[in-house]
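**Student:** Before I ask anything, let me first share the structure, which is written out below as structure tokens.
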Amino acid sequence: MPKPNPTLSSVDGSPARRSAILQAAFAVLMERGYSGASTLEIATRAKVSKRELYAEFGSKAGILRSLIAATSARMQVPLQTAEIPDRGALAAALTRYGISVLSELTTPAVIAINRLAVAEAGRSSDIGDVLETAGREPNRRAMADLFTRAQAGGLLGNGNPDAMGGQFYSLLTGDLLLRLRLGVARPPTSAEIKRRAETAADAVLVLNAP
């Protein structure tokens with residue numbers, strides 16, 4: 001069973017109890033699946049009461065949302081702090097973001113969560129819904145905001161900022177994430193991640209030149 005990424009299982013200064021619940025939830029999800037995971041078992045493994053669990057997260061879906069939202073928030077940091085006075089700075093910001101995205105999405109823990117979402121899709125859309133709303137959607141908005149700012153500064157053409165974000169993501173990941181979920185590829189090295197990010201940043205700037 002994949003071990004939780006230390007950063008996946010704690011949320012920005014989480015108290016020990018919260019972190020313990022997240023660690024236990026990940027383990028139970030991997031063993032039982034989402035439908036088979038019970039809050040009682042999660043609470044028991046975390047050595048907390050169900051009341052404490054519900055006070056922290058509200059529900060099983062709330063626990064899953066916290067796991068995914070923590071990863072999503074870390075991925076967005078390079079975009080939130082990006083200053084883009086020129087195309088060189090924009091390329092650098094996109095490269096940093098690409099490195100952050102691939103570094104998170106290619107960890108064993110995140111791959112495992114995505115595999116679980118696919119496995120559960122026929123029975124429940126809960127994991128897929130949370131991945132969409134707490135993971136993909138905040139990153140989509142952050143990307144669109146960056147491209148909108150770049151357009152306002154005359155650094156990009158007049159295309160749809162959301163579509164530009166989709167182009168960048170597709171160029172960045174290709175079929176890598178699918179192959180990792182299928183177990184037919186190995187996680188990329190830091191050098192490979194950097195190279196992918198640089199290539200995707202350069203390509204999306206060429207495709208959307210002013």
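Within each chain, counting starts at residue 1; across the structure tokens, chains are named A, B, ... in the order shown, with ligands numbered 1 upward in that order.
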Name the residues of chain A that come out as alpha helix (DSSP H) in a backbone DSSP run; write them as a PyMOL selection string.
**Tutor:** chain A and resi 16-36+39-46+50-57+60-80+87-105+108-120+126-130+137-152+161-173+176-182+190-207
**Student:** Near stretch 158-166 of chain A, counting only C-alpha atoms, which residues have an atom at most 8 Å away, once you skip same-chain residues fewer than 4 positions from it, shown as a list in words?
**Tutor:**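 Final neighbour list, sorted by chain and number: Arg140, Arg141, Met143, Ala144, Asp145, Phe147, Thr148, Gln151, Ser170, Val204, Asn208 and Pro210 of chain A.
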**Student:** Quote the spacing between atom CA of A:Ala197 and atom CA of A:Ile99 in Å to one decimal place.
**Tutor:**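 Separation of atom CA of A:Ala197 and atom CA of A:Ile99: 5.7 Å.
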**Student:** Name the residues in contact with A:Gly135 at a cut-off of 7 Å, using only C-alpha atoms, excluding same-chain residues fewer than 2 positions from it; report them as a JSON list (two decimals) with N, CA, C and O atoms, in the first residue's frame.
**Tutor:**
[["chain", "number", "residue", "atom", "x", "y", "z"],
["A", 68, "ILE", "N", -7.37, 16.20, -0.50],
["A", 68, "ILE", "CA", -7.18, 16.68, -1.87],
["A", 68, "ILE", "C", -6.91, 18.18, -1.90],
["A", 68, "ILE", "O", -6.06, 18.66, -2.67],
["A", 69, "ALA", "N", -7.63, 18.94, -1.08],
["A", 69, "ALA", "CA", -7.46, 20.39, -1.08],
["A", 69, "ALA", "C", -6.05, 20.80, -0.66],
["A", 69, "ALA", "O", -5.52, 21.79, -1.15],
["A", 72, "SER", "N", -3.90, 20.42, -3.69],
["A", 72, "SER", "CA", -4.26, 21.45, -4.67],
["A", 72, "SER", "C", -3.69, 22.80, -4.27],
["A", 72, "SER", "O", -3.18, 23.55, -5.12],
["A", 131, "LEU", "N", -12.41, 15.35, -6.23],
["A", 131, "LEU", "CA", -11.21, 15.63, -7.02],
["A", 131, "LEU", "C", -11.45, 16.82, -7.95],
["A", 131, "LEU", "O", -10.57, 17.65, -8.16],
["A", 132, "GLU", "N", -12.65, 16.88, -8.51],
["A", 132, "GLU", "CA", -12.98, 17.97, -9.44],
["A", 132, "GLU", "C", -13.11, 19.31, -8.70],
["A", 132, "GLU", "O", -12.51, 20.31, -9.11],
["A", 133, "THR", "N", -13.90, 19.32, -7.62],
["A", 133, "THR", "CA", -14.20, 20.60, -6.96],
["A", 133, "THR", "C", -13.09, 21.10, -6.04],
["A", 133, "THR", "O", -12.87, 22.30, -5.93],
["A", 137, "GLU", "N", -10.62, 22.11, -10.09],
["A", 137, "GLU", "CA", -11.26, 23.41, -10.32],
["A", 137, "GLU", "C", -10.48, 24.59, -9.74],
["A", 137, "GLU", "O", -10.29, 25.60, -10.43],
["A", 138, "PRO", "N", -9.98, 24.51, -8.49],
["A", 138, "PRO", "CA", -9.18, 25.63, -7.99],
["A", 138, "PRO", "C", -7.92, 25.87, -8.82],
["A", 138, "PRO", "O", -7.53, 27.03, -9.03],
["A", 139, "ASN", "N", -7.30, 24.81, -9.30],
["A", 139, "ASN", "CA", -6.13, 24.98, -10.15],
["A", 139, "ASN", "C", -6.50, 25.56, -11.51],
["A", 139, "ASN", "O", -5.77, 26.38, -12.07]]
**Student:** Quick one, how far is atom CA of A:Glu31 from atom CA of A:Glu104?
**Tutor:**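 Distance between the two atoms: 21.8 Å.
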**Student:** Tell me which of A:Leu171, A:Ala70, A:Ile193, A:Met30 sits closest to A:Ala109, counting only C-alpha atoms.
**Tutor:**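 Looking only at the distances to A:Ala109, the closest residue turns out to be A:Met30.
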**Student:** Looking at only C-alpha atoms, which of A:Arg18, A:Arg32, A:Arg87, A:Arg136 is the one that sits closest to A:Glu56?
**Tutor:** A:Arg18
**Student:** Hey, can you check how far atom CA of A:Ala150 sits from atom CA of A:Leu79?
**Tutor:**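 Distance reported for this atom pair: 11.8 Å.
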**Student:** Please provide as JSON, numbers by chain all residues within 10 Å of A:Pro187, with the sequence filter that same-chain residues fewer than 6 positions apart are discarded (counting only C-alpha atoms).
**Tutor:** {"A": [102, 103, 105, 106, 107, 108, 111, 176, 177, 179, 180, 193]}
